[in-house]
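Q: Quick one: structure below, then a few questions.
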Amino acid sequence: MLKTLFCALLESPKNIAFDGEDNDEKILYVFRRSMITNIDWMIVTFFLLFTPTVASIIFSFASPETQNLIPTRLTFVLNFFWYLFTLGYAFQNFINWFFNVYIITNKRIFDLDFVGFLYKNISEAPLSNIEDVTSTVSGTLRIIFNYGTVNIQTAAEQREFDFTDVPRPSMVRDIISDIIADLNS
Amino acid sequence: MISNYIINIFTPTGFVDFIGLLIIVLELLYLFVSFIIMREVALMNRSLKTDAAKLFTVSAFIHFMLALILLVISIATL
């Protein structure tokens, strides 16, 4: 389960299925955005976790009259709320990363997007409709950590699929090209 | 009575009471948000079925219950 939770590239995952999967359909690959793309909210979470401690240290330098102004119960409630909010923030960001997946099966490609609380978008295209696959790595972080975008051109309703910030985009491009070549042969 | 309350906000104890009331309102909003997160996790688990579905469901539920408990504590004590 750890691999399912934290991996951004899964090959032939055993215990993953998606809504609308056919009986004879087999998931070949599951991609997510590279784990490094989570660094921004992780840093924010880290600072949020330590803010009450820092605030109480700063507050301890205030005069006793000012310190007595805030009742203990209010401090407790504030701290509880702060940590709960931090937990919610981290959880929301993690599940957004976890459930935004790109799936390649033996029949189609599938892009599942959840943005925020209230937006869900699912796009799919048959493998036979894929015309062109391109990978791009640009930017310092992307070059250092080897993640980037794989752009897939299709002849389907959805003309383009972008597998954004996936790890090892060249390998992903190669995988998709090989699957298309096997299908055509 | 309302004008007395508004005047009291500018006193130290009145201001603390006002902050307490504000926190309760924020917690009510956050309870709603945590409920939305619970529903969102249910929708996500239906869209993509994984080993971790139960873990996410339980986590979202615990998060919601903590928000509810916090709200009850705040109303009772503040």
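We label chains A, B, ... in the order they appear in the structure tokens, count residues from 1 in each chain, and number ligands from 1 in the order shown.
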Residues of chain B within 6 Å of chain A, using only C-alpha atoms, as a list in words?
A: Ser47, Leu48, Lys49 and Thr50 of chain B
Q: Which neighbours of range 170-180 of chain A fall inside 12 Å, counting only C-alpha atoms, when residues of the same chain fewer than 2 positions from it are skipped, and could you give them as a ChimeraX atom specification?
A: /A:8-11,28-32,102-109,126-137,143,146-154,162-168,182-185
Q: May I have the residues within 8 Å of range 34-39 of chain B as a list in words, using only C-alpha atoms and disregarding those fewer than 2 positions away in the same chain?
A: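 Result of the neighbour search: Gly88, Gln92 and Phe117 of chain A; Tyr30, Leu31, Phe32, Val41, Ala42, Leu43, Thr57, Ala60, Phe61, His63, Phe64 and Ala67 of chain B.
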Q: As a ChimeraX atom specification, please: every residue in range 51-171 of chain A that a backbone DSSP assignment puts in helix (DSSP H, G or I).
A: /A:51-59,64-69,72-99,127-129,140-145,169-171
Q: Hey, can you check how far CA of Asp111 in chain A sits from CA of Ser123 in chain A?
A: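 Atom-to-atom, CA of Asp111 in chain A to CA of Ser123 in chain A, that is 5.0 Å.
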Q: For a test of reading the model, state the distance in Å between CA of Phe110 in chain A and CA of Lys54 in chain B, rounded to one decimal.
A: 23.5 Å
Q: If you measure from CA of Arg159 in chain A to CA of Val115 in chain A, what distance in Å do you get, rounded to one decimal?
A: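 About the pair CA of Arg159 in chain A and CA of Val115 in chain A: they are 20.6 Å apart.
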Q: Please list as an MDAnalysis selection string every residue within 10 Å of Leu49 in chain A, counting only C-alpha atoms and excluding residues in the same chain fewer than 4 positions away.
A: chainID A and resid 43:45 53:54 82:83 85:87
Q: Write to file, as a compact mmCIF listing (two decimals), in the first residue's frame, the residues of the selection just made, with N, CA, C and O atoms.
A:
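Contents of the output file again.txt:
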```txt
# COMPACT_ATOMS: atom_id res chain seq x y z
N ILE A 43 6.04 22.53 2.49
CA ILE A 43 6.76 23.60 3.20
C ILE A 43 5.77 24.47 3.97
O ILE A 43 6.01 24.84 5.12
N VAL A 44 4.66 24.78 3.31
CA VAL A 44 3.63 25.59 3.98
C VAL A 44 3.12 24.84 5.23
O VAL A 44 2.96 25.45 6.29
N THR A 45 2.88 23.55 5.10
CA THR A 45 2.41 22.74 6.23
C THR A 45 3.42 22.77 7.36
O THR A 45 3.05 22.90 8.54
N THR A 53 3.74 27.43 18.13
CA THR A 53 4.88 27.41 19.05
C THR A 53 5.63 28.74 19.02
O THR A 53 5.94 29.33 20.06
N VAL A 54 5.87 29.22 17.82
CA VAL A 54 6.58 30.50 17.67
C VAL A 54 5.74 31.63 18.26
O VAL A 54 6.26 32.50 18.97
N TRP A 82 -6.16 25.61 14.79
CA TRP A 82 -5.01 25.83 13.92
C TRP A 82 -4.46 24.51 13.40
O TRP A 82 -4.21 24.35 12.20
N TYR A 83 -4.27 23.53 14.33
CA TYR A 83 -3.73 22.22 13.93
C TYR A 83 -4.72 21.44 13.07
O TYR A 83 -4.33 20.73 12.14
N PHE A 85 -6.90 22.81 11.05
CA PHE A 85 -6.83 23.46 9.73
C PHE A 85 -5.59 22.98 8.97
O PHE A 85 -5.64 22.70 7.76
N THR A 86 -4.45 22.89 9.65
CA THR A 86 -3.21 22.42 9.03
C THR A 86 -3.38 20.99 8.53
O THR A 86 -2.96 20.66 7.41
N LEU A 87 -4.01 20.17 9.37
CA LEU A 87 -4.26 18.77 8.96
C LEU A 87 -5.14 18.73 7.72
O LEU A 87 -4.87 18.00 6.76
```
